[in-house]
>>> print(open('my_file.pdb').read())   # PDB, C-alpha atoms and all ligand atoms
ATOM      1  CA  ALA A 946     101.790 116.785  34.478  1.00  0.00           C
ATOM      2  CA  VAL A 947     102.792 117.731  37.996  1.00  0.00           C
ATOM      3  CA  GLN A 948     100.386 116.038  40.394  1.00  0.00           C
ATOM      4  CA  ARG A 949      99.889 115.495  44.084  1.00  0.00           C
ATOM      5  CA  THR A 950      99.207 112.200  45.786  1.00  0.00           C
ATOM      6  CA  PHE A 951      98.528 111.128  49.341  1.00  0.00           C
ATOM      7  CA  SER A 952     100.774 108.713  51.214  1.00  0.00           C
ATOM      8  CA  ILE A 953     100.753 107.030  54.615  1.00  0.00           C
ATOM      9  CA  ILE A 954     103.768 105.444  56.281  1.00  0.00           C
ATOM     10  CA  LYS A 955     102.010 102.768  58.337  1.00  0.00           C
ATOM     11  CA  PRO A 956     102.469 101.630  61.959  1.00  0.00           C
ATOM     12  CA  ASP A 957     104.652  98.635  61.052  1.00  0.00           C
ATOM     13  CA  ALA A 958     107.188 101.132  59.643  1.00  0.00           C
ATOM     14  CA  THR A 959     107.036 103.709  62.451  1.00  0.00           C
ATOM     15  CA  ARG A 960     107.441 100.820  64.930  1.00  0.00           C
ATOM     16  CA  ARG A 961     110.647  99.686  63.193  1.00  0.00           C
ATOM     17  CA  ASN A 962     111.970 103.282  62.899  1.00  0.00           C
ATOM     18  CA  ILE A 963     112.309 103.080  59.116  1.00  0.00           C
ATOM     19  CA  THR A 964     110.299 106.174  58.113  1.00  0.00           C
ATOM     20  CA  GLY A 965     113.476 107.857  56.843  1.00  0.00           C
ATOM     21  CA  LYS A 966     114.365 104.858  54.700  1.00  0.00           C
ATOM     22  CA  ILE A 967     110.902 105.038  53.142  1.00  0.00           C
ATOM     23  CA  VAL A 968     111.069 108.806  52.554  1.00  0.00           C
ATOM     24  CA  ASP A 969     114.458 108.216  50.910  1.00  0.00           C
ATOM     25  CA  ARG A 970     112.795 105.819  48.416  1.00  0.00           C
ATOM     26  CA  LEU A 971     110.025 108.334  47.679  1.00  0.00           C
ATOM     27  CA  GLU A 972     112.451 111.210  47.162  1.00  0.00           C
ATOM     28  CA  GLY A 973     114.723 108.948  45.127  1.00  0.00           C
ATOM     29  CA  ALA A 974     111.810 108.363  42.761  1.00  0.00           C
ATOM     30  CA  GLY A 975     111.515 112.121  42.199  1.00  0.00           C
ATOM     31  CA  LEU A 976     108.627 112.763  44.584  1.00  0.00           C
ATOM     32  CA  ARG A 977     108.754 115.819  46.855  1.00  0.00           C
ATOM     33  CA  VAL A 978     107.268 115.790  50.366  1.00  0.00           C
ATOM     34  CA  VAL A 979     105.179 118.999  50.333  1.00  0.00           C
ATOM     35  CA  ALA A 980     103.304 118.187  53.568  1.00  0.00           C
ATOM     36  CA  GLN A 981     103.979 115.699  56.331  1.00  0.00           C
ATOM     37  CA  LYS A 982     102.845 114.985  59.883  1.00  0.00           C
ATOM     38  CA  ARG A 983     103.103 112.151  62.374  1.00  0.00           C
ATOM     39  CA  ILE A 984      99.734 111.353  63.938  1.00  0.00           C
ATOM     40  CA  GLN A 985      97.963 108.729  65.987  1.00  0.00           C
ATOM     41  CA  MET A 986      94.758 107.996  64.071  1.00  0.00           C
ATOM     42  CA  THR A 987      91.561 107.472  65.992  1.00  0.00           C
ATOM     43  CA  ARG A 988      89.391 104.463  65.194  1.00  0.00           C
ATOM     44  CA  GLU A 989      86.791 106.850  63.718  1.00  0.00           C
ATOM     45  CA  GLN A 990      89.397 108.454  61.453  1.00  0.00           C
ATOM     46  CA  ALA A 991      90.725 105.094  60.246  1.00  0.00           C
ATOM     47  CA  GLU A 992      87.186 103.810  59.606  1.00  0.00           C
ATOM     48  CA  GLY A 993      86.362 106.982  57.684  1.00  0.00           C
ATOM     49  CA  PHE A 994      89.550 106.904  55.653  1.00  0.00           C
ATOM     50  CA  TYR A 995      89.048 103.259  54.649  1.00  0.00           C
ATOM     51  CA  ALA A 996      85.233 103.511  54.287  1.00  0.00           C
ATOM     52  CA  VAL A 997      85.440 102.142  50.709  1.00  0.00           C
ATOM     53  CA  HIS A 998      86.679  98.832  52.206  1.00  0.00           C
ATOM     54  CA  LYS A 999      83.902  98.641  54.840  1.00  0.00           C
ATOM     55  CA  GLU A1000      82.363  95.467  53.422  1.00  0.00           C
ATOM     56  CA  ARG A1001      85.689  93.677  52.973  1.00  0.00           C
ATOM     57  CA  PRO A1002      86.551  90.797  55.313  1.00  0.00           C
ATOM     58  CA  PHE A1003      89.830  92.478  56.281  1.00  0.00           C
ATOM     59  CA  PHE A1004      88.255  95.822  57.265  1.00  0.00           C
ATOM     60  CA  ASN A1005      88.219  95.425  61.051  1.00  0.00           C
ATOM     61  CA  ASP A1006      91.732  94.029  61.239  1.00  0.00           C
ATOM     62  CA  LEU A1007      92.953  96.789  58.930  1.00  0.00           C
ATOM     63  CA  VAL A1008      91.442  99.523  61.116  1.00  0.00           C
ATOM     64  CA  THR A1009      92.882  97.946  64.277  1.00  0.00           C
ATOM     65  CA  PHE A1010      96.291  97.729  62.618  1.00  0.00           C
ATOM     66  CA  MET A1011      96.192 101.342  61.403  1.00  0.00           C
ATOM     67  CA  ILE A1012      95.559 102.618  64.945  1.00  0.00           C
ATOM     68  CA  SER A1013      98.103 100.261  66.567  1.00  0.00           C
ATOM     69  CA  GLY A1014     100.727 103.015  66.520  1.00  0.00           C
ATOM     70  CA  PRO A1015     101.610 106.338  64.927  1.00  0.00           C
ATOM     71  CA  VAL A1016     101.527 106.871  61.174  1.00  0.00           C
ATOM     72  CA  VAL A1017     103.144 109.532  59.007  1.00  0.00           C
ATOM     73  CA  VAL A1018     100.692 111.117  56.559  1.00  0.00           C
ATOM     74  CA  GLN A1019     102.160 112.934  53.580  1.00  0.00           C
ATOM     75  CA  VAL A1020     101.356 114.858  50.450  1.00  0.00           C
ATOM     76  CA  LEU A1021     103.777 113.985  47.649  1.00  0.00           C
ATOM     77  CA  GLU A1022     104.218 116.125  44.569  1.00  0.00           C
ATOM     78  CA  GLY A1023     105.859 115.388  41.254  1.00  0.00           C
ATOM     79  CA  GLU A1024     105.454 114.482  37.616  1.00  0.00           C
ATOM     80  CA  ASP A1025     102.715 111.792  37.460  1.00  0.00           C
ATOM     81  CA  ALA A1026     102.933 111.514  41.264  1.00  0.00           C
ATOM     82  CA  VAL A1027     100.056 109.016  41.630  1.00  0.00           C
ATOM     83  CA  ALA A1028     101.523 106.462  39.225  1.00  0.00           C
ATOM     84  CA  LYS A1029     105.105 107.131  40.285  1.00  0.00           C
ATOM     85  CA  ASN A1030     104.255 106.560  43.941  1.00  0.00           C
ATOM     86  CA  ARG A1031     102.420 103.320  43.131  1.00  0.00           C
ATOM     87  CA  GLU A1032     105.433 102.152  41.163  1.00  0.00           C
ATOM     88  CA  VAL A1033     107.892 102.807  43.988  1.00  0.00           C
ATOM     89  CA  MET A1034     105.499 101.233  46.570  1.00  0.00           C
ATOM     90  CA  GLY A1035     105.040  97.964  44.672  1.00  0.00           C
ATOM     91  CA  ALA A1036     102.071  95.587  44.818  1.00  0.00           C
ATOM     92  CA  THR A1037      99.746  95.595  47.863  1.00  0.00           C
ATOM     93  CA  ASN A1038     100.880  92.090  48.759  1.00  0.00           C
ATOM     94  CA  PRO A1039     104.664  92.153  49.302  1.00  0.00           C
ATOM     95  CA  ALA A1040     104.797  88.588  47.976  1.00  0.00           C
ATOM     96  CA  ASN A1041     103.772  89.995  44.574  1.00  0.00           C
ATOM     97  CA  ALA A1042     105.841  93.185  44.724  1.00  0.00           C
ATOM     98  CA  ASP A1043     108.675  93.782  42.257  1.00  0.00           C
ATOM     99  CA  ALA A1044     112.295  93.819  43.416  1.00  0.00           C
ATOM    100  CA  GLY A1045     113.464  97.206  44.621  1.00  0.00           C
ATOM    101  CA  THR A1046     110.019  98.418  45.698  1.00  0.00           C
ATOM    102  CA  ILE A1047     109.222  99.663  49.209  1.00  0.00           C
ATOM    103  CA  ARG A1048     106.802  96.832  49.934  1.00  0.00           C
ATOM    104  CA  LYS A1049     109.147  94.141  48.614  1.00  0.00           C
ATOM    105  CA  ASP A1050     111.986  95.433  50.766  1.00  0.00           C
ATOM    106  CA  PHE A1051     110.132  96.533  53.927  1.00  0.00           C
ATOM    107  CA  ALA A1052     106.565  95.177  54.183  1.00  0.00           C
ATOM    108  CA  GLU A1053     105.795  92.481  56.751  1.00  0.00           C
ATOM    109  CA  SER A1054     102.523  91.189  55.244  1.00  0.00           C
ATOM    110  CA  ILE A1055      99.618  92.162  52.986  1.00  0.00           C
ATOM    111  CA  GLU A1056      98.136  94.074  55.942  1.00  0.00           C
ATOM    112  CA  ALA A1057     101.333  95.467  57.499  1.00  0.00           C
ATOM    113  CA  ASN A1058     102.543  96.612  54.089  1.00  0.00           C
ATOM    114  CA  SER A1059     104.419  99.735  55.278  1.00  0.00           C
ATOM    115  CA  VAL A1060     102.789 102.304  52.985  1.00  0.00           C
ATOM    116  CA  HIS A1061      99.516 103.447  51.499  1.00  0.00           C
ATOM    117  CA  GLY A1062      99.275 105.497  48.315  1.00  0.00           C
ATOM    118  CA  SER A1063      96.289 106.940  46.471  1.00  0.00           C
ATOM    119  CA  ASP A1064      95.157 104.898  43.461  1.00  0.00           C
ATOM    120  CA  SER A1065      93.880 107.805  41.324  1.00  0.00           C
ATOM    121  CA  PRO A1066      94.184 111.602  41.151  1.00  0.00           C
ATOM    122  CA  GLU A1067      90.527 111.877  42.233  1.00  0.00           C
ATOM    123  CA  ASN A1068      91.075 109.728  45.333  1.00  0.00           C
ATOM    124  CA  ALA A1069      94.306 111.606  46.018  1.00  0.00           C
ATOM    125  CA  ALA A1070      92.385 114.884  46.253  1.00  0.00           C
ATOM    126  CA  THR A1071      89.824 113.342  48.626  1.00  0.00           C
ATOM    127  CA  GLU A1072      92.477 111.668  50.782  1.00  0.00           C
ATOM    128  CA  ILE A1073      94.639 114.812  50.991  1.00  0.00           C
ATOM    129  CA  LYS A1074      91.604 116.798  52.182  1.00  0.00           C
ATOM    130  CA  PHE A1075      90.872 114.139  54.802  1.00  0.00           C
ATOM    131  CA  PHE A1076      94.140 114.921  56.635  1.00  0.00           C
ATOM    132  CA  PHE A1077      95.471 118.302  55.466  1.00  0.00           C
ATOM    133  CA  THR A1078      94.310 121.884  55.150  1.00  0.00           C
ATOM    134  CA  ASP A1079      95.536 123.920  52.174  1.00  0.00           C
ATOM    135  CA  ALA A1080      97.755 125.956  54.512  1.00  0.00           C
ATOM    136  CA  GLU A1081      99.627 122.836  55.628  1.00  0.00           C
ATOM    137  CA  ILE A1082     100.715 122.030  52.061  1.00  0.00           C
ATOM    138  CA  VAL A1083     103.754 124.001  50.977  1.00  0.00           C
ATOM    139  CA  GLY A1084     104.946 123.170  47.488  1.00  0.00           C
TER     140      GLY A1084
HETATM  141  P1  LIG B   1      96.184 100.054  51.348  1.00  0.00           P
HETATM  142  O1  LIG B   1      96.820 100.483  50.074  1.00  0.00           O
HETATM  143  O2  LIG B   1      96.358 100.957  52.513  1.00  0.00           O
HETATM  144  O3  LIG B   1      94.618  99.832  51.094  1.00  0.00           O
HETATM  145  C1  LIG B   1      93.860  98.928  51.860  1.00  0.00           C
HETATM  146  C2  LIG B   1      94.681  98.120  52.809  1.00  0.00           C
HETATM  147  O4  LIG B   1      94.052  96.970  53.330  1.00  0.00           O
HETATM  148  C3  LIG B   1      95.895  97.569  52.084  1.00  0.00           C
HETATM  149  O5  LIG B   1      96.779  98.624  51.764  1.00  0.00           O
HETATM  150  C4  LIG B   1      96.391  96.550  53.095  1.00  0.00           C
HETATM  151  O6  LIG B   1      97.145  97.154  54.130  1.00  0.00           O
HETATM  152  C5  LIG B   1      95.089  96.063  53.736  1.00  0.00           C
HETATM  153  N1  LIG B   1      94.716  94.707  53.368  1.00  0.00           N
HETATM  154  C6  LIG B   1      94.665  93.663  54.204  1.00  0.00           C
HETATM  155  N2  LIG B   1      94.271  92.562  53.573  1.00  0.00           N
HETATM  156  C7  LIG B   1      94.065  92.893  52.289  1.00  0.00           C
HETATM  157  C8  LIG B   1      93.654  92.162  51.122  1.00  0.00           C
HETATM  158  N3  LIG B   1      93.355  90.866  51.167  1.00  0.00           N
HETATM  159  N4  LIG B   1      93.556  92.845  49.958  1.00  0.00           N
HETATM  160  C9  LIG B   1      93.822  94.168  49.895  1.00  0.00           C
HETATM  161  N5  LIG B   1      94.226  94.906  50.964  1.00  0.00           N
HETATM  162  C10 LIG B   1      94.356  94.267  52.153  1.00  0.00           C
END
>>> encode(input="my_file.pdb", output="structure tokens", more="lines below")
Ligand code: CMP
Amino acid sequence: AVQRTFSIIKPDATRRNITGKIVDRLEGAGLRVVAQKRIQMTREQAEGFYAVHKERPFFNDLVTFMISGPVVVQVLEGEDAVAKNREVMGATNPANADAGTIRKDFAESIEANSVHGSDSPENAATEIKFFFTDAEIVG
């Protein structure tokens, strides 16, 4: 079924000016960018977005990394968009990512891993709402 998922192009990618290369991978996988904006997250926003990881040892470093520069937040739409996006992103740790995936080809480390993508349709809906109003999403 046609689904929507939420995506972030992270600061390591905006810093290296490779957001277009990443969008090219997403579009090449059949995903459509139906909303997109470049933002500087506040610490409060990043902490709220990653609240599920609050107890993890990497939480503080992750938040600091996510506010270290601009990010591009996106809504992606397509057939099985959540799974398709996860496939084209590759494993969280680039060392474990399959050949041809975004993280294998672009990520710098498990933290600076270039992209975030929702892990379920339910989380996608929550994450989309965190950054976008309905009016900003144009399918
Ligand atoms: P993301 O998909 O955005 O979800 C949580 C993020 O935490 C993850 O990508 C990584 O950027 C970051 N992270 C840093 N260390 C770890 C780790 N050990 N395990 C999982 N995620 C990590």
>>> atom_distance(input="my_file.pdb", atom1="atom O2 of ligand LIG 1 (chain B)", atom2="CA of Ser952 (chain A)")
9.0 Å
>>> resolve_selection(input="my_file.pdb", expression="the PyMOL selection byres (((not hetatm)) within 7 of (chain B and resi 1))", output="ChimeraX atom specification")
/A:1003,1007,1037,1055-1058,1060-1062
>>> closest_residue(input="my_file.pdb", among="A:Glu1032, A:Lys955, A:Leu1021, A:Gly1084", to="Ala1070 (chain A)", atoms="only C-alpha atoms")
A:Leu1021
>>> closest_atom_pairs(input="my_file.pdb", of="region 980-1079 of chain A", to="region 966-973 of chain A", cutoff="8 Å", atoms="all atoms listed in the file", output="Markdown table")
| residue | atom | partner | partner_atom | distance |
| --- | --- | --- | --- | --- |
| A:Asn1030 | CA | A:Leu971 | CA | 7.1 |
| A:Val1033 | CA | A:Leu971 | CA | 7.0 |
| A:Ile1047 | CA | A:Ile967 | CA | 6.9 |
>>> write_last_selection(input="my_file.pdb", atoms="C-alpha atoms", output="CSV table (one decimal), in the coordinates of the input")
chain,number,residue,atom,x,y,z
A,1030,ASN,CA,104.3,106.6,43.9
A,1033,VAL,CA,107.9,102.8,44.0
A,1047,ILE,CA,109.2,99.7,49.2
>>> axis_aligned_box(input="my_file.pdb", around="region 978-981 of chain A", padding_each_side="3 Å", output="lines of an AutoDock Vina configuration file")
center_x = 105.3
center_y = 117.3
center_z = 53.3
size_x = 10.0
size_y = 9.3
size_z = 12.0
